[in-house]
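What follows is a short report on a single structure.
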Amino acid sequence: MHPLARWKLRSVRPYVPGKPIEEVARELGITSEIYKLASNENPLGSSPKAVSAIKKAAESMYLYPDDSFYSLKKKISHRFKVQENHILFGNGSVEIMLQLAIAFVNPGETIIAPRHTFIMYRVVGNIVGASVIEPDIHKEGYVDLDNILRIMPDDTKIVFIANPNNPTGNVIPPEKIHEFMEKVTEDVIIVFDEAYYEYASYFTDFPDTMEYIREGRNVVILRTFSKIYGLAGLRIGYGFTTPQIYEAIQRVRLPFNLNRMAQIAAIAALDDNEHVERSLRTTKEGIEYLSSEFNHMGLKYVPTFTNFIMVKFGDKTKMVHEKLLKNGVVVRPLDPYGIYDYLRISIGTMKENQKLVKILKEILR
Ligand SMILES: Cc1ncc(COP(=O)(O)O)c(C=O)c1O
C-alpha cells in the first residue's frame, strides 16, 4: 500500500465482483455463448419500458441530472406511500451503505456486518475505520438477530441486515424481526437491506419493515433497481428512512449521484408491471426446475426466496466452478464470503438453467 495512504486502509479488502461476460470470454478464449449466472442479474434483461425511455432521452445527456430527483421521488413516494423526505437515492444501494457509514460512524465505533452475508457492509466499515464485528448467521442461512443482540457492543452504530440474505437466499422469520426491534435500543441504526424485496415478497410472507420507519425508529430500508428491474448497469439504489437520518445523509451525499439516464429509466421501470411479473414467473419456474434436478442429483442446497440458490459441492466445489467456467457457465465461488463448499448460482432463463444442469450432470457423473 502507498505509504501516504490512511493507515486504516490497510484493513480494507476490496470487493471482488462476479466476472463480467467479456472477461470470461477473453480469459478462456470462449467464442460461443456465455451464460452468466454469477451476479443475480435479471436473466430477461432490462425493463423494456426503461430501455425505450432512455433511447428517447439519449440526446439530453449533455445536461446534468436533476439533483432533487423530483420526478423519481414523486413516483416512489406515491408507489410506496412515503413522504419525499424519507426517500434516499444512491449510485447503487452500495453507495447509500457508504453514505450511512460516513455520516454516522466515528472511527473505532462498531458496525455489525454478519459473516456469510453481503461483503460490502464489511468493506464500508473498513473504509471509515470502524471496528467491524462479524457474528455468525443462523445455521439455516438467515441473519441471526438473536446472536446480534447477544454480541453487540455498546458502541454499535450500524447493524446491517440482508434480508433475504446473500449468498444463502434465505429469509429471517418475521417474528424474529419483530422481537429484535422490540429489544434493540435507539442508539443504533438498523439497516434492512432488501435488495431482493420483490422476489421475497412474491415467494413468502415478507415482513413490512416500513412500519418501523412510520414509528420513527432509527431504521433504513435499502432497495435497488439492479435486480428485478434489470438495471444493474445503470446503478440505481434507493432507500427509506426517517427525516432525521435523511437530513444527515444529505450532508455527505455528492451532487448528481444518480445520473440522468438512471432517473429516466427508473421512472419507466416502475410502470413496467409486465416485465416484473414475467421475471417473477421465470424465477419461480427456474427454482422449481433446479431444485428438482438438484434433488435428483443428490445435491444439497439452501431453500431460496430470491433469484439465486446456494448449492453444496463439498470438496468438488473448486473443480465444479472451473469446469462450468470452461463450458461457458459463470457461477459465483464464495471464497470472499468465507464459504468454500458451496457455489451461488443465479436463477437463469429455462435455457440457461437447462444448460447448467446438463453440464453439471456431465461433470458429476
Ligand atoms: C444483499 C445485496 N445488497 C445490495 C446489493 C447491491 O445492489 P446495488 O446494485 O443497488 O448496489 C446486492 C447485489 O448483489 C446484494 O446482494
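If you're wondering about the labels, chains in the C-alpha cells are A, B, ... by order shown, residues count from 1 in each chain, ligands from 1 in order shown.
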Selection as a ChimeraX atom specification: residues within 8 Å of ligand 1 by only C-alpha atoms and all ligand atoms: /A:39-40,90-95,117-118,120,162-167,193-196,222-227,232,235-238
DSSP-assigned alpha helix (DSSP H) members of region 47-225 of chain A, reported as a PyMOL selection string: chain A and resi 48-57+70-80+93-104+120-127+145-151+174-183+197-203+210-214
Among listed residues A:Ile228, A:Ile309, A:Ala58, A:Val330, nearest Pro20 (chain A) (using only C-alpha atoms):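 For Pro20 (chain A), the nearest of the given residues is A:Val330.
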Residues near region 356-359 of chain A, cut-off 9 Å, only C-alpha atoms, skip fewer than 2 positions along chain, as a PyMOL selection string: chain A and resi 35+290+293-294+323-324+327+329+351-354+361-364
Nearest to Thr349 (chain A) by atom-to-atom distance, counting only C-alpha atoms, from A:Ala50, A:Leu280, A:Met152, A:Met210: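 When distances to Thr349 (chain A) are compared using only C-alpha atoms, the smallest one comes from A:Leu280.
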Quick one: everything within 12 Å of Ile21 (chain A), counting only C-alpha atoms, minus sequence neighbours fewer than 6 positions away in the same chain. Send it as a tab-separated table (two decimals) with C-alpha atoms, in the first residue's frame.
chain	number	residue	atom	x	y	z
A	27	GLU	CA	-9.57	-15.22	-20.41
A	28	LEU	CA	-10.81	-18.58	-21.64
A	29	GLY	CA	-10.91	-17.80	-25.35
A	30	ILE	CA	-14.60	-18.79	-25.48
A	31	THR	CA	-16.33	-17.68	-28.65
A	32	SER	CA	-19.67	-19.45	-28.10
A	33	GLU	CA	-22.48	-18.08	-25.96
A	34	ILE	CA	-21.64	-17.42	-22.30
A	35	TYR	CA	-24.22	-17.93	-19.58
A	36	LYS	CA	-23.70	-15.59	-16.65
A	37	LEU	CA	-25.32	-16.91	-13.52
A	38	ALA	CA	-22.98	-15.14	-11.13
A	39	SER	CA	-24.31	-11.72	-10.14
A	325	LEU	CA	-16.44	-21.79	-16.48
A	328	GLY	CA	-19.17	-21.05	-20.65
A	329	VAL	CA	-21.30	-21.07	-17.49
A	330	VAL	CA	-20.23	-18.47	-14.92
A	331	VAL	CA	-21.39	-19.03	-11.34
Long-range neighbours of region 60-64 of chain A as a ChimeraX atom specification, 9 Å cut-off, only C-alpha atoms, 6 positions minimum in chain: /A:256,259-261
Keeping only N, CA and C atoms, write the selected residues as a PDB file, in the first residue's frame.
ATOM      1  N   PHE A 256     -25.406  15.096  -7.812  1.00  0.00           N
ATOM      2  CA  PHE A 256     -25.632  14.328  -9.046  1.00  0.00           C
ATOM      3  C   PHE A 256     -25.250  12.856  -8.913  1.00  0.00           C
ATOM      4  N   ASN A 259     -27.416   9.416 -11.973  1.00  0.00           N
ATOM      5  CA  ASN A 259     -27.271  10.082 -13.273  1.00  0.00           C
ATOM      6  C   ASN A 259     -28.602  10.232 -14.002  1.00  0.00           C
ATOM      7  N   ARG A 260     -28.571  11.052 -15.026  1.00  0.00           N
ATOM      8  CA  ARG A 260     -29.798  11.430 -15.721  1.00  0.00           C
ATOM      9  C   ARG A 260     -30.525  10.225 -16.332  1.00  0.00           C
ATOM     10  N   MET A 261     -29.756   9.348 -17.016  1.00  0.00           N
ATOM     11  CA  MET A 261     -30.372   8.183 -17.660  1.00  0.00           C
ATOM     12  C   MET A 261     -30.955   7.247 -16.595  1.00  0.00           C
TER      13      MET A 261
END
Tell me, counting only C-alpha atoms, for each residue of region 187-299 of chain A within 10 Å of region 310-316 of chain A, which pair of atoms is nearest and how far apart they are in Å to one decimal, in rows ordered by chain and increasing number, as CSV.
residue,atom,partner,partner_atom,distance
A:Ser291,CA,A:Val311,CA,9.7
A:Phe294,CA,A:Val311,CA,8.4
A:Gly298,CA,A:Lys312,CA,9.9
A:Leu299,CA,A:Lys312,CA,6.3
Distance in Å - CA of Thr168 (chain A) versus CA of Gly129 (chain A): 27.6 Å
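Atom pair CA of Gly169 (chain A) / CA of Val124 (chain A): separated by 22.0 Å.
Using only C-alpha atoms, the smallest distance between any of A:Val320, A:Ile347, A:Leu98, A:Ile267 and Ser279 (chain A) comes from A:Ile347.
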